[in-house]
Amino acid sequence: MNERSVSVRNGEFQVDILEKGSGSPFLFLHGIAGLEWTPFLEQMSTGHTVIAPRTPGFGESSGTESLQDIHDLIYFYLDLLDELGLDDLPIVGHSLGGMFAAELAAAQPARFSHVVLAAPFGLWNDSDPIPDLFSISLPGLAEAMYADVKSEPAVAIATAPQARMTEVDPSTAEGQATLDYLVERARAMSTAAKYLWPIPNRGLSKRLHRVTQPAQVIWGESDGIVPPSYAERFALQMPNAAVHVIPDAAHMVVDEQPGRVTGLVENLLAR
């Protein structure tokens with residue numbers, strides 16, 4: 001896997017990008033948990049050139065202060081794609097990245113050949129509200145994100161450093177690492193809040209009909225962040241979308257069931 005930094009708008013943004021593979025390009029937009037090189041991306045890289053940028057405000061990607069709302073964010077991504085010379089390619093977005101992917105596919109339908117939305121934010125229904133991501137407890141967050149609360153990533157969330165703040169000694173290497181983690185998490189959550197708080201609704205429902213590409217909406221059956229009932233709400237507004245609800249998975253469906261998700265994506269791309 002290769003990691004590089006790309007300048008956008010003459011340095012207004014420096015975007016960290018993970019890449020691997022050969023063949024036709026494939027764009028992946030990460031979710032609220034940030035971006036790591038996961039088994040799903042590794043599997044997709046065997047037949048495609050996977051391009052996975054970090055959204056400004058996450059990791060080493062800078063320029064988030066220039067993004068005030070969802071529209072700024074979408075034009076940033078279009079500028080990034082122009083900088084990379086990417087066109088006529090599939091886009092896959094997970095969670096927050098699914099919301100971004102839907103907005104991009106609606107803004108420039110001809111630019112994206114296929115669309116995959118995995119547990120996306122972006123719609124809202126008063127009768128089926130989405131939990132407040134910014135006030136939920138760490139154990140509650142772990143349970144909402146992972147079907148197996150005893151899995152290593154779920155335990156890591158439930159026992160994250162902020163749950164042990166009274167034990168932190170900033171004079172030690174471990175304590176400094178904890179503080180660095182907290183700063184990065186606060187930065188990422190502040191970035192996510194621009195697009196998700198107080199409710200994750202920025203008018204996508206007015207634009208979703210423009211996502212006319214062959215599409216899939218993928219959800220984890222146990223998603224406690226965005227209820228699986230939203231899968232049908234997305235698909236009903238997208239003229240060419242199919243729904244797949246995957247058992248033994250929650251909000252992190254892409255990480256929990258990478259083989260299943262890879263198979264669904266490859267089947268779509270074969271159309």
# chains A, B, ... in the order shown; residues from 1 in each chain; ligands from 1
>>> residues_around(residues="Val211 (chain A)", least_positions_apart="6", cutoff="9 Å", atoms="only C-alpha atoms", output="PyMOL selection string")
chain A and resi 102-109+115+237-241
>>> write_last_selection(atoms="C-alpha atoms", output="PDB file, in the first residue's frame")
ATOM      1  CA  ALA A 102     -24.288  10.104  -2.614  1.00  0.00           C
ATOM      2  CA  GLU A 103     -23.854  13.863  -2.806  1.00  0.00           C
ATOM      3  CA  LEU A 104     -21.013  13.536  -5.320  1.00  0.00           C
ATOM      4  CA  ALA A 105     -22.941  11.073  -7.477  1.00  0.00           C
ATOM      5  CA  ALA A 106     -25.907  13.451  -7.465  1.00  0.00           C
ATOM      6  CA  ALA A 107     -23.774  16.483  -8.298  1.00  0.00           C
ATOM      7  CA  GLN A 108     -21.970  14.861 -11.260  1.00  0.00           C
ATOM      8  CA  PRO A 109     -23.779  11.662 -12.284  1.00  0.00           C
ATOM      9  CA  VAL A 115     -22.354   3.849  -6.717  1.00  0.00           C
ATOM     10  CA  GLN A 237     -35.197   7.513  -4.060  1.00  0.00           C
ATOM     11  CA  MET A 238     -32.459   6.074  -6.281  1.00  0.00           C
ATOM     12  CA  PRO A 239     -33.835   4.855  -9.636  1.00  0.00           C
ATOM     13  CA  ASN A 240     -31.393   1.987 -10.133  1.00  0.00           C
ATOM     14  CA  ALA A 241     -30.501   0.740  -6.636  1.00  0.00           C
TER      15      ALA A 241
END
>>> residues_around(residues="region 140-148 of chain A", least_positions_apart="3", cutoff="12 Å", atoms="only C-alpha atoms", output="count of residues only")
45
>>> residues_around(residues="region 38-54 of chain A", least_positions_apart="4", cutoff="6 Å", atoms="only C-alpha atoms", output="list in words")
Asp16, Ile17, Leu18, Glu19, Lys20, Gly21, Ser22, Gly23, Ser24, Pro25, Phe26, Leu27, Phe28, Ser61 and Pro258 of chain A
>>> closest_residue(among="A:Thr191, A:Ser229, A:Ser113, A:Asn267", to="Gly34 (chain A)", atoms="only C-alpha atoms")
A:Thr191
>>> select_by_dssp(residues="region 28-269 of chain A", states="helix (DSSP H, G or I)", output="PyMOL selection string")
chain A and resi 39-44+64-66+70-84+96-107+109-111+138-145+152-158+161-167+173-196+204-206+208-210+230-237+253-256+258-269
>>> residues_around(residues="Gly59 (chain A)", least_positions_apart="4", cutoff="10 Å", atoms="only C-alpha atoms", output="number ranges by chain")
A: 15-16, 34-35, 54-55, 184-185, 187-188
>>> write_last_selection(atoms="C-alpha atoms", output="short mmCIF file (atom, residue, chain, number, x, y, z; two decimals), in the first residue's frame")
data_model
loop_
_atom_site.label_atom_id
_atom_site.label_comp_id
_atom_site.auth_asym_id
_atom_site.auth_seq_id
_atom_site.Cartn_x
_atom_site.Cartn_y
_atom_site.Cartn_z
CA VAL A 15 -4.87 15.42 1.18
CA ASP A 16 -3.50 12.14 2.47
CA GLY A 34 -11.43 7.42 9.85
CA LEU A 35 -9.35 5.62 7.25
CA ARG A 54 -8.68 11.03 4.00
CA THR A 55 -11.27 13.76 4.34
CA GLU A 184 -6.95 13.58 16.97
CA ARG A 185 -10.31 12.14 18.03
CA ARG A 187 -10.48 16.95 15.64
CA ALA A 188 -12.18 14.12 13.73
#
>>> decode(residues="region 186-243 of chain A", atoms="C-alpha atoms", output="PDB file, in the first residue's frame")
ATOM      1  CA  ALA A 186     -11.600  15.586  19.002  1.00  0.00           C
ATOM      2  CA  ARG A 187     -10.480  16.953  15.636  1.00  0.00           C
ATOM      3  CA  ALA A 188     -12.182  14.122  13.734  1.00  0.00           C
ATOM      4  CA  MET A 189     -15.420  14.444  15.706  1.00  0.00           C
ATOM      5  CA  SER A 190     -15.429  18.208  15.214  1.00  0.00           C
ATOM      6  CA  THR A 191     -15.072  17.622  11.481  1.00  0.00           C
ATOM      7  CA  ALA A 192     -17.895  15.064  11.449  1.00  0.00           C
ATOM      8  CA  ALA A 193     -20.121  17.464  13.383  1.00  0.00           C
ATOM      9  CA  LYS A 194     -20.037  19.926  10.480  1.00  0.00           C
ATOM     10  CA  TYR A 195     -21.997  17.431   8.425  1.00  0.00           C
ATOM     11  CA  LEU A 196     -23.919  15.414  11.037  1.00  0.00           C
ATOM     12  CA  TRP A 197     -24.859  17.680  13.957  1.00  0.00           C
ATOM     13  CA  PRO A 198     -27.476  18.367  15.282  1.00  0.00           C
ATOM     14  CA  ILE A 199     -29.052  15.845  12.903  1.00  0.00           C
ATOM     15  CA  PRO A 200     -27.442  14.202   9.852  1.00  0.00           C
ATOM     16  CA  ASN A 201     -29.706  15.890   7.326  1.00  0.00           C
ATOM     17  CA  ARG A 202     -28.314  18.398   4.847  1.00  0.00           C
ATOM     18  CA  GLY A 203     -31.029  18.092   2.219  1.00  0.00           C
ATOM     19  CA  LEU A 204     -29.749  14.986   0.438  1.00  0.00           C
ATOM     20  CA  SER A 205     -33.327  13.780  -0.080  1.00  0.00           C
ATOM     21  CA  LYS A 206     -33.826  16.676  -2.522  1.00  0.00           C
ATOM     22  CA  ARG A 207     -30.931  15.444  -4.666  1.00  0.00           C
ATOM     23  CA  LEU A 208     -30.889  11.669  -4.289  1.00  0.00           C
ATOM     24  CA  HIS A 209     -33.098  11.155  -7.364  1.00  0.00           C
ATOM     25  CA  ARG A 210     -30.116  12.279  -9.447  1.00  0.00           C
ATOM     26  CA  VAL A 211     -28.148   9.166  -8.438  1.00  0.00           C
ATOM     27  CA  THR A 212     -29.205   7.197 -11.499  1.00  0.00           C
ATOM     28  CA  GLN A 213     -26.128   4.979 -11.853  1.00  0.00           C
ATOM     29  CA  PRO A 214     -26.254   1.238 -11.141  1.00  0.00           C
ATOM     30  CA  ALA A 215     -26.154   1.294  -7.353  1.00  0.00           C
ATOM     31  CA  GLN A 216     -26.202  -0.791  -4.220  1.00  0.00           C
ATOM     32  CA  VAL A 217     -27.232   0.159  -0.712  1.00  0.00           C
ATOM     33  CA  ILE A 218     -25.519  -2.101   1.830  1.00  0.00           C
ATOM     34  CA  TRP A 219     -26.376  -2.245   5.524  1.00  0.00           C
ATOM     35  CA  GLY A 220     -25.443  -4.250   8.582  1.00  0.00           C
ATOM     36  CA  GLU A 221     -28.496  -5.919  10.085  1.00  0.00           C
ATOM     37  CA  SER A 222     -27.505  -4.832  13.623  1.00  0.00           C
ATOM     38  CA  ASP A 223     -26.531  -1.221  12.809  1.00  0.00           C
ATOM     39  CA  GLY A 224     -27.173   0.860  15.915  1.00  0.00           C
ATOM     40  CA  ILE A 225     -25.923   4.125  14.413  1.00  0.00           C
ATOM     41  CA  VAL A 226     -28.115   4.427  11.317  1.00  0.00           C
ATOM     42  CA  PRO A 227     -31.067   2.002  11.556  1.00  0.00           C
ATOM     43  CA  PRO A 228     -31.296  -0.571   8.726  1.00  0.00           C
ATOM     44  CA  SER A 229     -34.764   0.773   7.880  1.00  0.00           C
ATOM     45  CA  TYR A 230     -32.948   3.640   6.153  1.00  0.00           C
ATOM     46  CA  ALA A 231     -31.680   1.234   3.494  1.00  0.00           C
ATOM     47  CA  GLU A 232     -35.070   1.131   1.793  1.00  0.00           C
ATOM     48  CA  ARG A 233     -35.478   4.898   2.201  1.00  0.00           C
ATOM     49  CA  PHE A 234     -32.279   5.423   0.242  1.00  0.00           C
ATOM     50  CA  ALA A 235     -33.090   2.857  -2.435  1.00  0.00           C
ATOM     51  CA  LEU A 236     -36.620   4.156  -3.024  1.00  0.00           C
ATOM     52  CA  GLN A 237     -35.197   7.513  -4.060  1.00  0.00           C
ATOM     53  CA  MET A 238     -32.459   6.074  -6.281  1.00  0.00           C
ATOM     54  CA  PRO A 239     -33.835   4.855  -9.636  1.00  0.00           C
ATOM     55  CA  ASN A 240     -31.393   1.987 -10.133  1.00  0.00           C
ATOM     56  CA  ALA A 241     -30.501   0.740  -6.636  1.00  0.00           C
ATOM     57  CA  ALA A 242     -30.694  -2.639  -4.922  1.00  0.00           C
ATOM     58  CA  VAL A 243     -30.655  -3.205  -1.153  1.00  0.00           C
TER      59      VAL A 243
END
